[in-house]
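A.B. asks: Quick one: this structure, given as structure tokens, is what I'll be asking you about.
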Amino acid sequence: SNVAVSAELKVGDEFHSSHGLLEGGEVHDDHHFVVTGVLEHSGTVIDNLILTDTESVWKVHHDEEANEHHEEDEHDESHHKEHKDHDDHDHTDDKKEITAMLVKFRNPMGHLRIPRQINETTNMQAAVPAIEVSRLKSLLGVGFQTINGIAFVIMVVSGLSIFIGLYNSLNKRRQEMAFLRVQGASRWQLVQLVLQEGIILTILGVIFGVILSRMVLWSTTYFLDLNSNLGAKFYALLKGEIWLMAVALFIGFLASIIPTIQSYKIDIPKTLSDV
């Protein structure tokens, strides 16, 4: 679905295959692929793929090899029969090649034994996703730890900023709260007022942080010329983010405790006498 949007393809359109991921590779201009359908958006890697039978790729290369042999035959008629026999041999014994394949194991022993056997006894390369991801994390471990440390420091600083903001707000509104007490407000009503202010600030910060993170993800994929149509699943909240939001709310609650206690212990006569 993403390919259809980015390449502006629809059912019935034709396109050509080429070698390489960048422009300038060999293009098979003489062989047309026809779009027979567009899959619905799923939010998975399938959205970024063009799916076709392996036989179609074999046919493209086989026809080109046959054309090359035919051109050689026209240049050298004396070897016409020899080339014809060679072409017939290619038709029967042509090796069908693939670039990569996905293997699923029936049992854990195959998962451990077969990749090592392939890497040690053949010129092919086997890669187990779980092992490769673990290796990547180990290589980037210092970077991850640094980012986690920075995130923790930011959360602590945010908690301190909420505390300082509430503390300064309370000092500026002492007389206002004292008047509320004179008008009949109870201590617990003032406590709820200050506590609600701290929780609301924290919730707004969490919401703004989630929105900002998604904007950064989108802008990163856009400016790096990646596919920006990553789907709703990519932008959905992760389990770790939900825990992070809970921790942020807890820090906001802790930052509101001292201003809340001060509002509970406010001295009405002394505060009003300072007006």
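Chain labels follow the order of the structure tokens: the first chain is A, the next B, and so on; residue numbering restarts at 1 in every chain, and ligands are counted from 1 in their shown order.
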Give the helix (DSSP H, G or I) residues of region 20-269 of chain A, as DSSP finds them on the backbone, and put them as a VMD selection string.

C.D. replies: chain A and resid 45 to 48 54 to 75 77 to 93 108 to 121 129 to 139 141 to 172 174 to 182 187 to 223 232 to 235 239 to 264 268 to 269

A.B. asks: Between A:Ala100, A:Ala130, A:Asn148, A:Ala255, which residue has the minimum interatomic distance to Ser161 (chain A), considering only C-alpha atoms?

C.D. replies: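 Nearest candidate to Ser161 (chain A) out of A:Ala100, A:Ala130, A:Asn148, A:Ala255: A:Ala255.
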
A.B. asks: Could you name the residues that touch region 237-240 of chain A at 12 Å or less, counting only C-alpha atoms, but leaving out those on the same chain fewer than 6 positions away, as a count of residues only?

C.D. replies: 8

A.B. asks: Go through region 116-231 of chain A and flag each residue having an atom no more than 7 Å from region 266-271 of chain A; for those, report the closest pair of atoms plus their distance in Å to one decimal, using only C-alpha atoms, ordered by chain and rising number, as a Markdown table.

C.D. replies:
```
| residue | atom | partner | partner_atom | distance |
| --- | --- | --- | --- | --- |
| A:Arg174 | CA | A:Thr271 | CA | 6.8 |
| A:Gln175 | CA | A:Thr271 | CA | 5.9 |
| A:Ala178 | CA | A:Ile268 | CA | 5.2 |
```

A.B. asks: Compare A:Asn2, A:Val153, A:His61, A:Val34 by their minimum atom-to-atom distance to Ile46 (chain A), counting only C-alpha atoms, and give me the closest one.

C.D. replies: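 Of all the options, A:Asn2 lies closest to Ile46 (chain A).
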
A.B. asks: Name the residues in contact with Gln192 (chain A) at a cut-off of 12 Å, using only C-alpha atoms, excluding same-chain residues fewer than 3 positions from it; report them as a list in words.

C.D. replies: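 Using only C-alpha atoms, the neighbours found are Ala185, Ser186, Arg187, Trp188, Gln189, Leu195, Gln196, Glu197, Gly198, Ile199, Ile200, Phe253, Ser256, Ile257, Pro259, Thr260, Ile261, Ser263 and Tyr264 of chain A.
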
A.B. asks: Pull N, CA and C atoms from the residues just selected and write them as a PDB file, in the first residue's frame.

C.D. replies:
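Result file part_30.pdb:
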```pdb
ATOM      1  N   ALA A 185     -13.516  27.928  53.194  1.00  0.00           N
ATOM      2  CA  ALA A 185     -12.852  26.758  52.603  1.00  0.00           C
ATOM      3  C   ALA A 185     -12.080  26.000  53.672  1.00  0.00           C
ATOM      4  N   SER A 186     -12.127  24.697  53.617  1.00  0.00           N
ATOM      5  CA  SER A 186     -11.438  23.872  54.607  1.00  0.00           C
ATOM      6  C   SER A 186      -9.981  23.657  54.194  1.00  0.00           C
ATOM      7  N   ARG A 187      -9.195  23.135  55.143  1.00  0.00           N
ATOM      8  CA  ARG A 187      -7.796  22.832  54.838  1.00  0.00           C
ATOM      9  C   ARG A 187      -7.686  21.816  53.685  1.00  0.00           C
ATOM     10  N   TRP A 188      -8.552  20.805  53.697  1.00  0.00           N
ATOM     11  CA  TRP A 188      -8.479  19.742  52.701  1.00  0.00           C
ATOM     12  C   TRP A 188      -8.873  20.248  51.313  1.00  0.00           C
ATOM     13  N   GLN A 189      -9.724  21.258  51.273  1.00  0.00           N
ATOM     14  CA  GLN A 189     -10.053  21.839  49.974  1.00  0.00           C
ATOM     15  C   GLN A 189      -8.848  22.557  49.363  1.00  0.00           C
ATOM     16  N   LEU A 195      -2.868  20.063  44.999  1.00  0.00           N
ATOM     17  CA  LEU A 195      -2.535  18.738  44.472  1.00  0.00           C
ATOM     18  C   LEU A 195      -3.063  18.557  43.052  1.00  0.00           C
ATOM     19  N   GLN A 196      -4.282  19.020  42.817  1.00  0.00           N
ATOM     20  CA  GLN A 196      -4.850  18.923  41.473  1.00  0.00           C
ATOM     21  C   GLN A 196      -4.041  19.748  40.470  1.00  0.00           C
ATOM     22  N   GLU A 197      -3.559  20.903  40.918  1.00  0.00           N
ATOM     23  CA  GLU A 197      -2.746  21.735  40.025  1.00  0.00           C
ATOM     24  C   GLU A 197      -1.479  21.001  39.606  1.00  0.00           C
ATOM     25  N   GLY A 198      -0.817  20.348  40.568  1.00  0.00           N
ATOM     26  CA  GLY A 198       0.402  19.596  40.248  1.00  0.00           C
ATOM     27  C   GLY A 198       0.139  18.419  39.330  1.00  0.00           C
ATOM     28  N   ILE A 199      -0.960  17.675  39.596  1.00  0.00           N
ATOM     29  CA  ILE A 199      -1.288  16.511  38.754  1.00  0.00           C
ATOM     30  C   ILE A 199      -1.659  16.944  37.341  1.00  0.00           C
ATOM     31  N   ILE A 200      -2.405  18.043  37.222  1.00  0.00           N
ATOM     32  CA  ILE A 200      -2.800  18.530  35.895  1.00  0.00           C
ATOM     33  C   ILE A 200      -1.569  18.955  35.094  1.00  0.00           C
ATOM     34  N   PHE A 253       3.423  13.779  41.433  1.00  0.00           N
ATOM     35  CA  PHE A 253       2.737  13.705  42.727  1.00  0.00           C
ATOM     36  C   PHE A 253       3.705  14.017  43.870  1.00  0.00           C
ATOM     37  N   SER A 256       4.449  17.604  44.279  1.00  0.00           N
ATOM     38  CA  SER A 256       3.325  18.408  44.790  1.00  0.00           C
ATOM     39  C   SER A 256       3.128  18.254  46.290  1.00  0.00           C
ATOM     40  N   ILE A 257       3.862  17.326  46.911  1.00  0.00           N
ATOM     41  CA  ILE A 257       3.598  17.028  48.326  1.00  0.00           C
ATOM     42  C   ILE A 257       3.968  18.212  49.218  1.00  0.00           C
ATOM     43  N   PRO A 259       4.446  21.569  48.582  1.00  0.00           N
ATOM     44  CA  PRO A 259       3.502  22.695  48.478  1.00  0.00           C
ATOM     45  C   PRO A 259       2.128  22.364  49.056  1.00  0.00           C
ATOM     46  N   THR A 260       1.720  21.116  48.939  1.00  0.00           N
ATOM     47  CA  THR A 260       0.425  20.724  49.499  1.00  0.00           C
ATOM     48  C   THR A 260       0.439  20.817  51.019  1.00  0.00           C
ATOM     49  N   ILE A 261       1.539  20.337  51.641  1.00  0.00           N
ATOM     50  CA  ILE A 261       1.660  20.406  53.105  1.00  0.00           C
ATOM     51  C   ILE A 261       1.677  21.858  53.571  1.00  0.00           C
ATOM     52  N   SER A 263       0.266  24.399  52.102  1.00  0.00           N
ATOM     53  CA  SER A 263      -1.086  24.958  51.995  1.00  0.00           C
ATOM     54  C   SER A 263      -1.966  24.472  53.138  1.00  0.00           C
ATOM     55  N   TYR A 264      -1.696  23.265  53.634  1.00  0.00           N
ATOM     56  CA  TYR A 264      -2.488  22.731  54.747  1.00  0.00           C
ATOM     57  C   TYR A 264      -2.159  23.476  56.052  1.00  0.00           C
TER      58      TYR A 264
END
```

A.B. asks: Nearest residue to Phe163 (chain A) out of A:Thr99, A:Thr122, A:Thr202, A:Ser56, using only C-alpha atoms?

C.D. replies: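 Smallest distance to Phe163 (chain A) is found for A:Thr202.
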
A.B. asks: In Å, rounded to a single decimal, give me how far CA of Val60 (chain A) is from CA of Lys96 (chain A).

C.D. replies: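 CA of Lys96 (chain A) sits 12.0 Å away from CA of Val60 (chain A).
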
A.B. asks: If we count only C-alpha atoms, what is near Val11 (chain A) at a cut-off of 8 Å, once residues fewer than 2 positions away on the same chain are taken out, given as a PyMOL selection string?

C.D. replies: chain A and resi 9+13+34-38

A.B. asks: Selection from above, N, CA, C and O atoms, as an mmCIF file, in the first residue's frame, can you write it?

C.D. replies:
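File written: selection.cif
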```
data_model
loop_
_atom_site.group_PDB
_atom_site.id
_atom_site.type_symbol
_atom_site.label_atom_id
_atom_site.label_comp_id
_atom_site.auth_asym_id
_atom_site.auth_seq_id
_atom_site.Cartn_x
_atom_site.Cartn_y
_atom_site.Cartn_z
ATOM 1 N N LEU A 9 1.248 4.113 -8.260
ATOM 2 C CA LEU A 9 0.854 2.961 -9.071
ATOM 3 C C LEU A 9 -0.555 2.535 -8.715
ATOM 4 O O LEU A 9 -0.976 2.626 -7.562
ATOM 5 N N ASP A 13 -1.247 -0.662 -14.034
ATOM 6 C CA ASP A 13 -0.036 0.064 -14.411
ATOM 7 C C ASP A 13 1.129 -0.896 -14.605
ATOM 8 O O ASP A 13 1.163 -1.997 -14.041
ATOM 9 N N VAL A 34 3.196 -5.970 -14.319
ATOM 10 C CA VAL A 34 1.872 -5.356 -14.311
ATOM 11 C C VAL A 34 1.279 -5.456 -12.910
ATOM 12 O O VAL A 34 1.298 -6.534 -12.295
ATOM 13 N N VAL A 35 0.769 -4.348 -12.395
ATOM 14 C CA VAL A 35 0.125 -4.332 -11.077
ATOM 15 C C VAL A 35 -1.227 -5.018 -11.183
ATOM 16 O O VAL A 35 -2.108 -4.572 -11.919
ATOM 17 N N THR A 36 -1.389 -6.119 -10.463
ATOM 18 C CA THR A 36 -2.652 -6.863 -10.492
ATOM 19 C C THR A 36 -3.497 -6.637 -9.243
ATOM 20 O O THR A 36 -4.643 -7.085 -9.189
ATOM 21 N N GLY A 37 -2.932 -5.968 -8.244
ATOM 22 C CA GLY A 37 -3.703 -5.703 -7.032
ATOM 23 C C GLY A 37 -2.881 -4.903 -6.046
ATOM 24 O O GLY A 37 -1.648 -4.911 -6.078
ATOM 25 N N VAL A 38 -3.560 -4.190 -5.159
ATOM 26 C CA VAL A 38 -2.920 -3.423 -4.091
ATOM 27 C C VAL A 38 -3.478 -3.915 -2.764
ATOM 28 O O VAL A 38 -4.689 -3.868 -2.531
#
```

A.B. asks: Looking at A:Thr52, A:Thr220, A:Asn107, A:Gln145, which one is nearest to Ser17 (chain A), with distances taken over only C-alpha atoms?

C.D. replies: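 Among the listed residues, the smallest separation from Ser17 (chain A) belongs to A:Thr52.
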
A.B. asks: For Val5 (chain A), find every residue with an atom within 12 Å (counting only C-alpha atoms), except residues of its own chain fewer than 3 positions away, and show them as an MDAnalysis selection string.

C.D. replies: chainID A and resid 1:2 8:10 38:41 47:49 227:229

A.B. asks: Counting only C-alpha atoms, which residue out of A:Leu140, A:Ile162, A:Val27, A:Gly43 sits closest to Ala236 (chain A)?

C.D. replies: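 Between A:Leu140, A:Ile162, A:Val27, A:Gly43, the residue approaching Ala236 (chain A) most closely is A:Gly43.
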
A.B. asks: Between A:Ala151, A:Gly165, A:Met245, A:Asp29, which is the closest to Leu204 (chain A) once you count only C-alpha atoms?

C.D. replies: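 Ranked by minimum distance to Leu204 (chain A), first place goes to A:Met245.
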
A.B. asks: Assign secondary structure with DSSP using the backbone only, and return the residues of region 5-252 of chain A in strand (DSSP E) as a PyMOL selection string.

C.D. replies: chain A and resi 14-15+33-34

A.B. asks: What's the 8 Å shell around Ile251 (chain A), counting only C-alpha atoms, without same-chain residues fewer than 6 positions away, as a PyMOL selection string?

C.D. replies: chain A and resi 155-156+159

A.B. asks: Measure the distance from CA of Val157 (chain A) to CA of Leu193 (chain A) in Å and round it to one decimal.

C.D. replies: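 According to the coordinates, CA of Val157 (chain A) and CA of Leu193 (chain A) are separated by 23.3 Å.
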
A.B. asks: Which value, in Å to one decimal, gives the distance between CA of Glu176 (chain A) and CA of Leu160 (chain A)?

C.D. replies: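 Straight-line distance from CA of Glu176 (chain A) to CA of Leu160 (chain A) works out to 24.2 Å.
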